[in-house]
file entry-v2.txt (compact mmCIF, C-alpha atoms)
# COMPACT_ATOMS: atom_id res chain seq x y z
CA MET A 254 126.31 -145.84 18.97
CA ASP A 255 124.58 -147.90 21.62
CA TYR A 256 126.94 -147.45 24.57
CA LYS A 257 125.49 -150.19 26.76
CA GLY A 258 128.28 -152.61 27.64
CA LYS A 259 130.80 -150.64 25.58
CA ARG A 260 134.17 -149.57 26.94
CA ALA A 261 134.42 -145.78 26.84
CA LEU A 262 137.46 -143.70 27.69
CA VAL A 263 136.79 -140.07 28.68
CA CYS A 264 139.85 -137.81 28.62
CA GLY A 265 139.99 -134.78 30.90
CA MET A 266 138.48 -134.32 34.36
CA ALA A 267 137.17 -130.78 34.04
CA ARG A 268 133.42 -130.08 33.88
CA SER A 269 132.85 -131.47 30.38
CA GLY A 270 134.77 -134.69 30.99
CA ILE A 271 133.02 -135.45 34.26
CA SER A 272 129.65 -134.72 32.68
CA ALA A 273 130.41 -137.01 29.72
CA ALA A 274 131.57 -139.81 32.03
CA LEU A 275 128.38 -139.62 34.09
CA LEU A 276 126.24 -139.64 30.94
CA LEU A 277 128.06 -142.68 29.57
CA LYS A 278 127.71 -144.47 32.89
CA SER A 279 123.93 -143.80 32.84
CA LEU A 280 123.84 -145.35 29.35
CA GLY A 281 125.42 -148.55 30.63
CA ALA A 282 128.97 -148.06 29.42
CA GLU A 283 132.10 -149.23 31.26
CA VAL A 284 133.77 -145.87 31.78
CA ILE A 285 137.39 -144.93 32.40
CA LEU A 286 137.94 -141.28 33.27
CA GLN A 287 141.50 -140.17 32.53
CA ASP A 288 143.54 -137.09 33.36
CA LYS A 289 147.24 -136.26 33.31
CA LYS A 290 146.88 -134.78 36.79
CA THR A 291 147.14 -137.02 39.84
CA ARG A 292 144.27 -137.58 42.27
CA GLU A 293 145.94 -135.16 44.70
CA GLU A 294 146.13 -132.44 42.04
CA LEU A 295 142.47 -132.73 41.04
CA THR A 296 139.59 -130.99 42.81
CA ALA A 297 136.86 -133.32 41.55
CA ASP A 298 134.29 -134.84 43.92
CA PHE A 299 135.31 -138.49 43.57
CA ASP A 300 132.43 -139.62 45.80
CA ALA A 301 130.01 -138.46 43.10
CA LEU A 302 131.80 -140.62 40.51
CA LYS A 303 131.23 -144.07 42.00
CA GLY A 304 131.09 -146.82 39.42
CA ILE A 305 133.58 -145.00 37.19
CA ASN A 306 137.18 -146.17 36.87
CA PHE A 307 140.12 -143.76 36.81
CA LEU A 308 143.44 -143.50 35.05
CA LEU A 309 145.29 -140.56 36.57
CA GLY A 310 148.72 -139.01 36.26
CA LYS A 311 149.47 -140.26 32.75
CA ASN A 312 148.19 -140.57 29.20
CA PRO A 313 146.15 -143.69 28.27
CA ASP A 314 148.52 -145.04 25.61
CA ASP A 315 148.57 -148.54 27.11
CA ILE A 316 144.79 -149.03 27.18
CA ILE A 317 143.66 -147.22 24.05
CA ALA A 318 143.38 -150.40 21.94
CA GLU A 319 140.88 -151.85 24.44
CA GLN A 320 138.35 -149.02 24.01
CA ASP A 321 135.18 -148.89 21.92
CA ALA A 322 134.99 -145.07 22.02
CA VAL A 323 137.08 -142.12 23.15
CA VAL A 324 135.44 -138.90 24.32
CA LEU A 325 137.62 -135.78 24.52
CA SER A 326 137.16 -132.82 26.80
CA PRO A 327 137.67 -129.54 24.88
CA GLY A 328 141.10 -128.94 26.36
CA ILE A 329 142.62 -132.18 25.01
CA PRO A 330 144.68 -131.56 21.84
CA THR A 331 143.91 -134.02 19.04
CA ARG A 332 147.58 -134.29 18.05
CA LEU A 333 148.43 -136.51 21.04
CA ASP A 334 149.85 -139.95 20.19
CA PHE A 335 147.09 -141.96 21.87
CA ILE A 336 144.44 -140.14 19.82
CA LYS A 337 146.34 -140.84 16.61
CA LYS A 338 146.55 -144.49 17.63
CA ALA A 339 142.81 -144.65 18.32
CA ARG A 340 142.07 -143.32 14.86
CA GLU A 341 144.47 -145.79 13.26
CA LEU A 342 142.49 -148.54 15.03
CA ASN A 343 139.18 -147.02 13.79
CA ILE A 344 138.06 -146.30 17.34
CA PRO A 345 135.62 -143.33 17.29
CA VAL A 346 137.16 -140.18 18.79
CA ILE A 347 134.44 -137.65 19.58
CA SER A 348 133.85 -134.53 21.61
CA GLU A 349 131.58 -134.25 24.64
CA VAL A 350 129.22 -132.15 22.47
CA GLU A 351 129.03 -134.93 19.87
CA LEU A 352 128.26 -137.50 22.57
CA ALA A 353 125.48 -135.38 24.05
CA SER A 354 123.96 -134.61 20.64
CA GLN A 355 123.68 -138.34 19.91
CA ILE A 356 121.49 -138.73 23.01
CA CYS A 357 119.55 -135.45 22.95
CA LYS A 358 116.08 -135.40 21.35
CA ALA A 359 115.66 -131.61 21.42
CA PRO A 360 116.42 -129.49 18.36
CA ILE A 361 119.74 -127.64 18.66
CA ILE A 362 120.36 -123.96 17.96
CA ALA A 363 124.14 -123.54 17.74
CA ILE A 364 126.42 -120.48 17.80
CA THR A 365 130.12 -120.28 17.01
CA GLY A 366 132.65 -117.70 15.87
CA THR A 367 135.75 -116.10 17.33
CA ASN A 368 134.01 -113.37 19.29
CA GLY A 369 130.51 -112.68 20.56
CA LYS A 370 129.53 -116.31 21.09
CA THR A 371 128.63 -116.01 24.75
CA THR A 372 126.54 -112.85 24.40
CA THR A 373 124.74 -114.21 21.34
CA THR A 374 124.12 -117.58 23.00
CA ALA A 375 122.76 -116.01 26.18
CA LEU A 376 120.51 -113.63 24.24
CA THR A 377 119.27 -116.38 21.90
CA GLY A 378 118.50 -118.58 24.89
CA GLU A 379 116.50 -115.80 26.52
CA ILE A 380 114.48 -115.32 23.33
CA PHE A 381 113.76 -119.03 22.85
CA SER A 382 112.68 -119.36 26.48
CA LYS A 383 109.68 -117.17 25.66
CA LYS A 384 108.18 -120.09 23.73
CA TYR A 385 110.01 -123.28 24.75
CA LYS A 386 111.63 -124.93 27.72
CA THR A 387 115.17 -123.96 26.75
CA GLU A 388 118.57 -125.03 28.06
CA VAL A 389 121.55 -122.76 27.37
CA LEU A 390 124.58 -125.04 27.28
CA GLY A 391 128.06 -125.73 25.96
CA ASN A 392 131.06 -123.45 26.08
CA ILE A 393 128.98 -120.86 27.96
CA GLY A 394 129.45 -122.88 31.16
CA ILE A 395 127.09 -125.88 31.49
CA PRO A 396 128.16 -129.05 29.64
CA PHE A 397 125.68 -130.34 27.08
CA SER A 398 125.96 -133.80 28.64
CA ASP A 399 124.45 -132.51 31.89
CA LYS A 400 121.03 -132.09 30.25
CA ALA A 401 121.08 -134.19 27.07
CA ALA A 402 119.23 -137.25 28.38
CA SER A 403 116.41 -135.30 30.05
CA LEU A 404 115.36 -133.14 27.10
CA THR A 405 112.43 -133.94 24.81
CA SER A 406 111.60 -133.05 21.23
CA GLU A 407 109.38 -130.25 22.57
CA ASP A 408 112.35 -128.54 24.25
CA ARG A 409 115.18 -126.51 22.74
CA VAL A 410 118.94 -126.42 23.26
CA VAL A 411 120.82 -123.19 22.59
CA ILE A 412 124.51 -123.99 22.62
CA GLU A 413 127.77 -122.10 22.36
CA ASN A 414 130.30 -124.15 20.39
CA SER A 415 134.04 -123.57 20.55
CA SER A 416 136.44 -124.72 17.85
CA PHE A 417 137.78 -127.27 20.36
CA GLN A 418 134.32 -128.83 20.73
CA LEU A 419 133.64 -128.81 16.99
CA GLU A 420 137.00 -130.34 16.09
CA THR A 421 135.75 -133.86 16.85
CA VAL A 422 132.07 -133.92 15.94
CA ASP A 423 130.69 -136.62 13.65
CA THR A 424 126.87 -136.64 13.36
CA TYR A 425 126.25 -133.28 15.06
CA LYS A 426 123.38 -131.50 13.26
CA PRO A 427 121.84 -128.28 14.59
CA LEU A 428 118.42 -127.11 13.44
CA CYS A 429 119.97 -123.72 12.76
CA ALA A 430 123.43 -122.31 13.41
CA ALA A 431 125.32 -119.03 13.28
CA VAL A 432 128.97 -118.32 12.54
CA LEU A 433 129.46 -114.79 13.85
CA ASN A 434 132.97 -113.97 12.66
CA ILE A 435 136.41 -115.46 12.12
CA THR A 436 139.68 -113.89 13.26
CA PRO A 437 142.91 -115.72 14.15
CA ASP A 438 142.62 -117.52 17.49
CA HIS A 439 143.87 -120.74 19.08
CA LEU A 440 146.53 -121.07 16.39
CA ASP A 441 148.67 -122.90 18.95
CA ARG A 442 146.01 -125.63 18.97
CA HIS A 443 144.88 -125.74 15.34
CA GLY A 444 148.25 -125.05 13.73
CA SER A 445 147.01 -122.46 11.26
CA LEU A 446 144.12 -120.12 10.53
CA GLN A 447 142.84 -122.64 7.97
CA GLY A 448 142.83 -125.39 10.59
CA TYR A 449 140.85 -123.12 12.91
CA ILE A 450 138.34 -122.30 10.15
CA GLU A 451 137.89 -125.97 9.29
CA ALA A 452 137.06 -126.75 12.91
CA LYS A 453 134.43 -123.99 12.92
CA GLU A 454 132.94 -125.28 9.67
CA ASN A 455 132.09 -128.57 11.35
CA ILE A 456 129.11 -126.82 12.92
CA PHE A 457 127.24 -127.14 9.61
CA LYS A 458 128.86 -130.17 7.97
CA ASN A 459 125.75 -132.34 8.53
CA MET A 460 123.15 -129.61 8.02
CA ASP A 461 121.00 -129.72 4.87
CA SER A 462 118.30 -127.81 2.99
CA GLU A 463 115.91 -128.20 5.93
CA ASN A 464 118.26 -126.17 8.14
CA TYR A 465 119.36 -122.53 8.35
CA LEU A 466 122.87 -121.05 8.55
CA ILE A 467 123.38 -117.43 9.61
CA LEU A 468 126.60 -115.78 8.39
CA ASN A 469 128.29 -112.39 8.65
CA PHE A 470 128.24 -110.69 5.24
CA GLU A 471 131.16 -108.43 6.27
CA ASP A 472 133.49 -111.26 7.35
CA GLU A 473 135.38 -112.80 4.44
CA ALA A 474 136.11 -116.15 6.10
CA ALA A 475 132.53 -116.55 7.30
CA LYS A 476 131.21 -115.36 3.94
CA ALA A 477 133.19 -118.06 2.14
CA MET A 478 131.37 -120.72 4.16
CA ALA A 479 128.21 -120.10 2.14
CA GLN A 480 129.84 -121.99 -0.74
CA LYS A 481 130.41 -125.04 1.47
CA THR A 482 126.96 -125.63 2.90
CA LYS A 483 123.70 -127.17 1.69
CA THR A 484 121.61 -125.05 4.04
CA LYS A 485 119.53 -121.97 3.44
CA VAL A 486 121.87 -119.05 4.27
CA PHE A 487 120.73 -115.77 5.84
CA TRP A 488 123.16 -112.86 6.11
CA PHE A 489 123.62 -110.13 8.69
CA SER A 490 125.48 -106.87 8.10
CA SER A 491 126.46 -103.82 10.12
CA LYS A 492 127.61 -101.92 7.02
CA ARG A 493 124.93 -102.18 4.34
CA GLU A 494 121.27 -102.81 3.65
CA LEU A 495 120.51 -106.32 2.42
CA SER A 496 117.72 -107.34 0.06
CA GLU A 497 117.23 -110.48 2.17
CA GLY A 498 118.65 -110.78 5.65
CA ILE A 499 119.15 -108.46 8.61
CA TRP A 500 121.16 -105.25 8.87
CA CYS A 501 121.69 -102.16 10.99
CA ASP A 502 122.69 -98.55 10.60
CA ASP A 503 123.89 -96.34 13.46
CA LYS A 504 120.36 -96.10 14.87
CA SER A 505 118.28 -99.23 14.23
CA ILE A 506 118.14 -102.90 13.20
CA TYR A 507 116.05 -103.91 10.17
CA VAL A 508 115.07 -107.33 8.82
CA ASN A 509 113.60 -108.91 5.70
CA ILE A 510 113.32 -112.71 6.02
CA LEU A 511 110.65 -115.39 6.42
CA GLY A 512 107.80 -112.94 5.89
CA VAL A 513 109.04 -110.49 8.54
CA SER A 514 110.03 -107.10 7.17
CA GLY A 515 110.86 -103.67 8.58
CA LYS A 516 112.48 -102.16 11.66
CA VAL A 517 113.05 -104.55 14.55
CA ILE A 518 114.38 -102.21 17.24
CA ASP A 519 116.32 -99.00 17.84
CA LEU A 520 119.84 -99.64 19.13
CA ASP A 521 119.38 -97.26 22.05
CA GLU A 522 116.52 -99.46 23.32
CA MET A 523 119.02 -102.24 24.07
CA ASN A 524 121.30 -102.51 27.10
CA ILE A 525 124.26 -103.97 25.19
CA VAL A 526 126.52 -101.45 23.48
CA GLY A 527 128.81 -101.32 20.46
CA THR A 528 128.61 -102.38 16.82
CA HIS A 529 129.75 -105.89 17.70
CA ASN A 530 126.76 -106.27 20.03
CA ALA A 531 124.43 -105.06 17.29
CA GLU A 532 125.87 -107.89 15.19
CA ASN A 533 125.35 -110.35 18.03
CA ALA A 534 121.75 -109.18 18.38
CA MET A 535 121.14 -109.55 14.64
CA ALA A 536 122.39 -113.13 14.66
CA ALA A 537 120.16 -113.92 17.64
CA ILE A 538 117.12 -112.35 15.93
CA VAL A 539 117.56 -114.46 12.79
CA LEU A 540 118.14 -117.65 14.78
CA ALA A 541 114.93 -116.92 16.67
CA LEU A 542 112.91 -116.23 13.53
CA CYS A 543 114.23 -119.46 11.99
CA GLY A 544 113.15 -121.22 15.19
CA GLY A 545 109.59 -119.90 14.95
CA ILE A 546 109.72 -117.20 17.64
CA ASP A 547 107.30 -114.29 17.28
CA ILE A 548 108.89 -110.91 16.49
CA GLU A 549 107.20 -109.24 19.47
CA ASP A 550 108.75 -111.76 21.86
CA ILE A 551 112.09 -111.05 20.21
CA ARG A 552 111.69 -107.27 20.69
CA LYS A 553 110.68 -107.69 24.32
CA THR A 554 113.75 -109.78 25.09
CA LEU A 555 116.08 -107.39 23.27
CA ARG A 556 114.85 -104.57 25.52
CA GLU A 557 115.26 -106.63 28.70
CA PHE A 558 118.57 -108.36 28.04
CA LYS A 559 121.65 -107.27 30.02
CA ALA A 560 125.29 -107.89 29.09
CA VAL A 561 126.67 -111.25 30.19
CA GLU A 562 129.22 -111.46 32.97
CA HIS A 563 132.84 -110.83 31.90
CA ARG A 564 131.91 -109.45 28.44
CA ILE A 565 132.12 -105.64 28.52
CA GLU A 566 130.30 -105.95 31.84
CA PHE A 567 129.61 -102.70 33.68
CA VAL A 568 131.09 -103.02 37.17
CA CYS A 569 130.55 -99.62 38.80
CA SER A 570 131.18 -95.88 38.56
CA ARG A 571 133.28 -94.19 41.20
CA LYS A 572 134.45 -90.54 41.31
CA GLY A 573 133.41 -90.14 37.69
CA VAL A 574 135.42 -93.18 36.53
CA THR A 575 133.55 -96.08 34.91
CA TYR A 576 134.84 -99.66 35.30
CA TYR A 577 134.24 -102.48 32.81
CA ASN A 578 135.10 -106.17 33.09
CA ASP A 579 135.86 -107.75 29.71
CA SER A 580 137.86 -110.70 30.99
CA LYS A 581 136.33 -112.80 28.21
CA GLY A 582 138.23 -110.65 25.71
CA THR A 583 140.83 -113.39 25.30
CA ASN A 584 142.05 -112.51 21.80
CA PRO A 585 143.05 -109.25 20.08
CA ASP A 586 139.90 -108.89 17.98
CA ALA A 587 137.61 -109.19 21.02
CA ALA A 588 139.76 -106.72 22.94
CA ILE A 589 139.69 -104.23 20.05
CA LYS A 590 135.89 -104.30 20.10
CA ALA A 591 135.90 -103.63 23.84
CA VAL A 592 138.23 -100.63 23.45
CA GLN A 593 136.00 -99.27 20.68
CA ALA A 594 132.92 -99.63 22.90
CA MET A 595 134.33 -97.34 25.62
CA LYS A 596 132.77 -93.87 25.83
CA GLY A 597 135.82 -92.06 27.22
CA PRO A 598 139.62 -92.16 27.49
CA THR A 599 140.58 -95.67 28.58
CA LEU A 600 143.04 -97.13 31.06
CA LEU A 601 143.49 -100.72 29.97
CA ILE A 602 144.69 -103.89 31.72
CA GLY A 603 146.10 -106.26 29.09
CA GLY A 604 148.28 -109.31 28.61
CA GLY A 605 148.22 -112.88 29.84
CA TYR A 606 148.73 -116.26 28.22
CA GLY A 607 149.33 -116.02 24.47
CA LYS A 608 147.64 -118.30 21.94
CA GLY A 609 149.82 -117.54 18.94
CA SER A 610 148.12 -114.19 18.40
CA ASP A 611 149.55 -111.13 16.68
CA PHE A 612 149.10 -107.96 18.76
CA LYS A 613 149.74 -105.44 15.97
CA GLU A 614 146.11 -104.45 15.29
CA TRP A 615 145.25 -104.45 18.99
CA VAL A 616 147.99 -101.95 19.78
CA ALA A 617 147.04 -99.90 16.71
CA SER A 618 143.51 -99.58 18.12
CA PHE A 619 144.89 -97.68 21.14
CA LYS A 620 145.42 -94.48 19.16
CA GLY A 621 143.13 -91.73 20.43
CA ARG A 622 141.42 -94.14 22.83
CA VAL A 623 143.83 -95.75 25.33
CA LYS A 624 145.68 -93.29 27.57
CA TYR A 625 147.45 -95.90 29.69
CA LEU A 626 148.18 -99.64 29.43
CA ALA A 627 149.03 -101.87 32.42
CA LEU A 628 150.64 -105.08 31.16
CA ILE A 629 150.67 -108.45 32.92
CA GLY A 630 151.39 -112.09 32.19
CA VAL A 631 153.73 -114.05 29.96
CA THR A 632 152.90 -111.92 26.90
CA LYS A 633 153.74 -108.57 28.51
CA GLU A 634 157.18 -108.37 26.88
CA ALA A 635 155.76 -109.24 23.45
CA VAL A 636 153.07 -106.57 23.80
CA LYS A 637 155.66 -104.08 25.09
CA ALA A 638 157.77 -104.72 21.98
CA GLU A 639 154.75 -104.07 19.73
CA CYS A 640 153.95 -100.87 21.64
CA ASP A 641 157.52 -99.70 21.13
CA ARG A 642 157.35 -100.47 17.40
CA GLN A 643 154.21 -98.35 17.08
CA GLY A 644 155.43 -95.54 19.33
CA PHE A 645 152.91 -96.14 22.12
CA LYS A 646 154.83 -95.28 25.30
CA ALA A 647 152.09 -94.96 27.93
CA TYR A 648 152.54 -98.41 29.42
CA GLU A 649 153.91 -100.10 32.51
CA LEU A 650 154.72 -103.74 33.22
CA PHE A 651 153.48 -105.46 36.39
CA ASP A 652 154.28 -108.76 38.07
CA THR A 653 150.90 -108.91 39.82
CA PHE A 654 147.35 -108.49 38.59
CA GLU A 655 146.37 -106.43 41.60
CA GLY A 656 149.23 -104.03 40.98
CA ALA A 657 148.11 -103.47 37.40
CA VAL A 658 144.48 -102.84 38.36
CA LYS A 659 145.33 -100.48 41.20
CA SER A 660 147.70 -98.51 38.98
CA CYS A 661 144.85 -97.89 36.53
CA MET A 662 142.55 -96.89 39.38
CA ASP A 663 145.13 -94.45 40.76
CA LYS A 664 145.76 -92.80 37.40
CA ALA A 665 142.11 -92.56 36.26
CA GLU A 666 140.37 -89.19 36.20
CA ALA A 667 136.70 -88.23 36.00
CA GLY A 668 135.36 -89.14 32.56
CA ASP A 669 137.80 -92.03 32.09
CA CYS A 670 137.07 -95.73 31.72
CA VAL A 671 139.10 -98.49 33.37
CA LEU A 672 138.83 -101.62 31.24
CA LEU A 673 140.01 -105.17 31.79
CA SER A 674 140.23 -106.61 28.28
CA PRO A 675 143.46 -108.60 28.13
CA ALA A 676 143.51 -109.87 24.49
CA CYS A 677 144.98 -113.05 26.00
CA ALA A 678 143.90 -116.16 27.83
CA SER A 679 144.13 -116.32 31.61
CA TRP A 680 145.89 -119.62 32.21
CA ASP A 681 149.27 -118.20 33.22
CA MET A 682 147.86 -116.48 36.33
CA PHE A 683 144.29 -117.78 36.83
CA SER A 684 142.26 -120.96 36.50
CA ASP A 685 140.08 -119.33 33.82
CA TYR A 686 138.84 -115.97 32.53
CA GLU A 687 135.93 -116.10 35.00
CA GLN A 688 138.25 -116.12 38.00
CA ARG A 689 140.23 -113.25 36.47
CA GLY A 690 137.06 -111.23 35.98
CA ARG A 691 135.75 -111.89 39.48
CA ILE A 692 139.05 -110.84 41.05
CA PHE A 693 139.04 -107.65 38.97
CA LYS A 694 135.56 -106.81 40.23
CA ASP A 695 136.52 -107.57 43.81
CA ILE A 696 139.52 -105.24 43.61
CA VAL A 697 137.48 -102.45 42.04
CA ARG A 698 134.63 -102.75 44.54
CA SER A 699 136.75 -103.20 47.67
call {"tool": "encode", "arguments": {"input": "entry-v2.txt", "output": "structure tokens"}}
result
Amino acid sequence: MDYKGKRALVCGMARSGISAALLLKSLGAEVILQDKKTREELTADFDALKGINFLLGKNPDDIIAEQDAVVLSPGIPTRLDFIKKARELNIPVISEVELASQICKAPIIAITGTNGKTTTTALTGEIFSKKYKTEVLGNIGIPFSDKAASLTSEDRVVIENSSFQLETVDTYKPLCAAVLNITPDHLDRHGSLQGYIEAKENIFKNMDSENYLILNFEDEAAKAMAQKTKTKVFWFSSKRELSEGIWCDDKSIYVNILGVSGKVIDLDEMNIVGTHNAENAMAAIVLALCGGIDIEDIRKTLREFKAVEHRIEFVCSRKGVTYYNDSKGTNPDAAIKAVQAMKGPTLLIGGGYGKGSDFKEWVASFKGRVKYLALIGVTKEAVKAECDRQGFKAYELFDTFEGAVKSCMDKAEAGDCVLLSPACASWDMFSDYEQRGRIFKDIVRS
């Protein structure tokens, strides 16, 4: 769409919404930026948004029919009445990622999945930067719209895509994409696991035989996607050798695609730990090979790359106790992987805002690994009930985050690990998982 002179409504005044509004304004659109919060409740810099109109403190039901396009921030549920009305009137309803992709000239390398997206995106971006001017954008922290207009066809975009962003894409077409894994998440938003999967599948809905899709051979939901795409599919596996694809054993990663064959790297050469990070690395390697990156540049980056903040991030060691910040472990599957990555008995801080998740498998993963659980947040009673059902009694409930962290610190002995990996979102006690992780690190280091 040519947005010049068009009326565009942007819903949500967080980072993505503000970025989308500024991009639309630069394209000549008449922009209304809407949020259910009032001006007093918002922390936005309104001086930087001159020339943009605002509708604050309510939904835009009364003005929806006047719009030529509606752009949704990721946090806006698509079930709202004004969105349904827009669709009935055939007004395009798109995500900020879709808007930016319409403007961006650079090829897009996209990563989605339930867990591992941020690590894989950061690593893939580091690899691509060896050859191209590369922007690492999307759900990892910087909105795509911030950079879309300035990029050329010689540049590259490596982007982390959430299901929320993919829910309302239309023409979005990455050069290559990876779906890392699928486990139940955001069921409160998507209504069912199938709805969540369908949102993820939008990452490749416009891709064709000129593109590449990287899928997890050991994940049934991701594996099924191979039957729904027109792309060339490459597999990765942490459990078996593949005739074509990339795989690992307990020592090394091996590859056989696009004329590259043999061992890529030994796992102990990398700074990221755990089977799940080997899988993340494998996806990044294949994306890079599909993007024309030399294998030696890939190896060099794999050796240099450090874990991203808030994802099984080493904080410090003190009196023989090792502290890890996995605040980005916002669902049970991610938190299970963090527990499994610990090298000693673990004292765990868990709980928070639930997203319709089932905690059965998470609690089951404690056996032989978690010696103490400090529970916080609105889900603490639900997790307590699951612990009781499974006979796990080494838990306490806390009203404050600081109390939970300090209890773990007091009880930890030399050789133990203290791990923040909540298996829940942060919104009941914090603005986001990043704030939760930073506060954890501050407490530990103080």
call {"tool": "atom_distance", "arguments": {"input": "entry-v2.txt", "atom1": "atom CA of A:Ile565", "atom2": "atom CA of A:Asn530"}}
result
10.1 Å
call {"tool": "atom_distance", "arguments": {"input": "entry-v2.txt", "atom1": "atom CA of A:Val486", "atom2": "atom CA of A:Ile467"}}
result
5.8 Å
call {"tool": "residues_near_point", "arguments": {"input": "entry-v2.txt", "point": "(108.8, -127.6, 20.7)", "cutoff": "9 Å", "atoms": "all atoms listed in the file", "output": "ChimeraX atom specification"}}
result
/A:359-360,384-386,405-409
call {"tool": "write_last_selection", "arguments": {"input": "entry-v2.txt", "atoms": "C-alpha atoms", "output": "mmCIF file, in the coordinates of the input"}}
result
data_model
loop_
_atom_site.group_PDB
_atom_site.id
_atom_site.type_symbol
_atom_site.label_atom_id
_atom_site.label_comp_id
_atom_site.auth_asym_id
_atom_site.auth_seq_id
_atom_site.Cartn_x
_atom_site.Cartn_y
_atom_site.Cartn_z
ATOM 1 C CA ALA A 359 115.660 -131.610 21.420
ATOM 2 C CA PRO A 360 116.420 -129.490 18.360
ATOM 3 C CA LYS A 384 108.180 -120.090 23.730
ATOM 4 C CA TYR A 385 110.010 -123.280 24.750
ATOM 5 C CA LYS A 386 111.630 -124.930 27.720
ATOM 6 C CA THR A 405 112.430 -133.940 24.810
ATOM 7 C CA SER A 406 111.600 -133.050 21.230
ATOM 8 C CA GLU A 407 109.380 -130.250 22.570
ATOM 9 C CA ASP A 408 112.350 -128.540 24.250
ATOM 10 C CA ARG A 409 115.180 -126.510 22.740
#
call {"tool": "residues_around", "arguments": {"input": "entry-v2.txt", "residues": "stretch 616-631 of chain A", "least_positions_apart": "5", "cutoff": "6 Å", "atoms": "all atoms listed in the file", "output": "PyMOL selection string"}}
result
chain A and resi 598-606+647-651+657
call {"tool": "residues_around", "arguments": {"input": "entry-v2.txt", "residues": "stretch 289-303 of chain A", "least_positions_apart": "6", "cutoff": "8 Å", "atoms": "all atoms listed in the file", "output": "number ranges by chain"}}
result
A: 265-267, 275, 309-312
call {"tool": "closest_residue", "arguments": {"input": "entry-v2.txt", "among": "A:Thr377, A:Asn392, A:Asn459, A:Asn578", "to": "A:Lys694", "atoms": "all atoms listed in the file"}}
result
A:Asn578
call {"tool": "atom_distance", "arguments": {"input": "entry-v2.txt", "atom1": "atom CA of A:Thr583", "atom2": "atom CA of A:His443"}}
result
16.4 Å
call {"tool": "residues_around", "arguments": {"input": "entry-v2.txt", "residues": "A:Phe612", "least_positions_apart": "6", "cutoff": "12 Å", "atoms": "only C-alpha atoms", "output": "VMD selection string"}}
result
chain A and resid 437 to 438 583 to 589 603 to 604 618 to 619 632 to 640 642 to 643 675 to 677
call {"tool": "closest_residue", "arguments": {"input": "entry-v2.txt", "among": "A:Arg268, A:Lys492, A:His439, A:Lys581", "to": "A:Thr528", "atoms": "only C-alpha atoms"}}
result
A:Lys492
call {"tool": "build_atoms", "arguments": {"input": "entry-v2.txt", "residues": "stretch 676-688 of chain A", "atoms": "N, CA and C atoms", "output": "JSON list (two decimals), in the coordinates of the input"}}
result
[["chain", "number", "residue", "atom", "x", "y", "z"],
["A", 676, "ALA", "N", 143.09, -109.37, 25.81],
["A", 676, "ALA", "CA", 143.51, -109.87, 24.49],
["A", 676, "ALA", "C", 144.27, -111.18, 24.59],
["A", 677, "CYS", "N", 144.23, -111.81, 25.75],
["A", 677, "CYS", "CA", 144.98, -113.05, 26.00],
["A", 677, "CYS", "C", 144.17, -113.95, 26.92],
["A", 678, "ALA", "N", 144.50, -115.23, 26.89],
["A", 678, "ALA", "CA", 143.90, -116.16, 27.83],
["A", 678, "ALA", "C", 144.44, -115.91, 29.23],
["A", 679, "SER", "N", 143.87, -116.60, 30.19],
["A", 679, "SER", "CA", 144.13, -116.32, 31.61],
["A", 679, "SER", "C", 145.02, -117.35, 32.28],
["A", 680, "TRP", "N", 145.39, -118.41, 31.56],
["A", 680, "TRP", "CA", 145.89, -119.62, 32.21],
["A", 680, "TRP", "C", 147.25, -119.46, 32.86],
["A", 681, "ASP", "N", 147.97, -118.38, 32.58],
["A", 681, "ASP", "CA", 149.27, -118.20, 33.22],
["A", 681, "ASP", "C", 149.15, -117.71, 34.67],
["A", 682, "MET", "N", 148.02, -117.05, 35.00],
["A", 682, "MET", "CA", 147.86, -116.48, 36.33],
["A", 682, "MET", "C", 146.58, -116.91, 37.04],
["A", 683, "PHE", "N", 145.61, -117.46, 36.28],
["A", 683, "PHE", "CA", 144.29, -117.78, 36.83],
["A", 683, "PHE", "C", 143.83, -119.14, 36.32],
["A", 684, "SER", "N", 142.81, -119.68, 36.96],
["A", 684, "SER", "CA", 142.26, -120.96, 36.50],
["A", 684, "SER", "C", 141.47, -120.79, 35.22],
["A", 685, "ASP", "N", 140.83, -119.63, 35.03],
["A", 685, "ASP", "CA", 140.08, -119.33, 33.82],
["A", 685, "ASP", "C", 139.76, -117.85, 33.78],
["A", 686, "TYR", "N", 139.15, -117.39, 32.68],
["A", 686, "TYR", "CA", 138.84, -115.97, 32.53],
["A", 686, "TYR", "C", 137.80, -115.52, 33.56],
["A", 687, "GLU", "N", 136.95, -116.46, 34.01],
["A", 687, "GLU", "CA", 135.93, -116.10, 35.00],
["A", 687, "GLU", "C", 136.56, -115.70, 36.32],
["A", 688, "GLN", "N", 137.56, -116.47, 36.77],
["A", 688, "GLN", "CA", 138.25, -116.12, 38.00],
["A", 688, "GLN", "C", 138.94, -114.76, 37.86]]
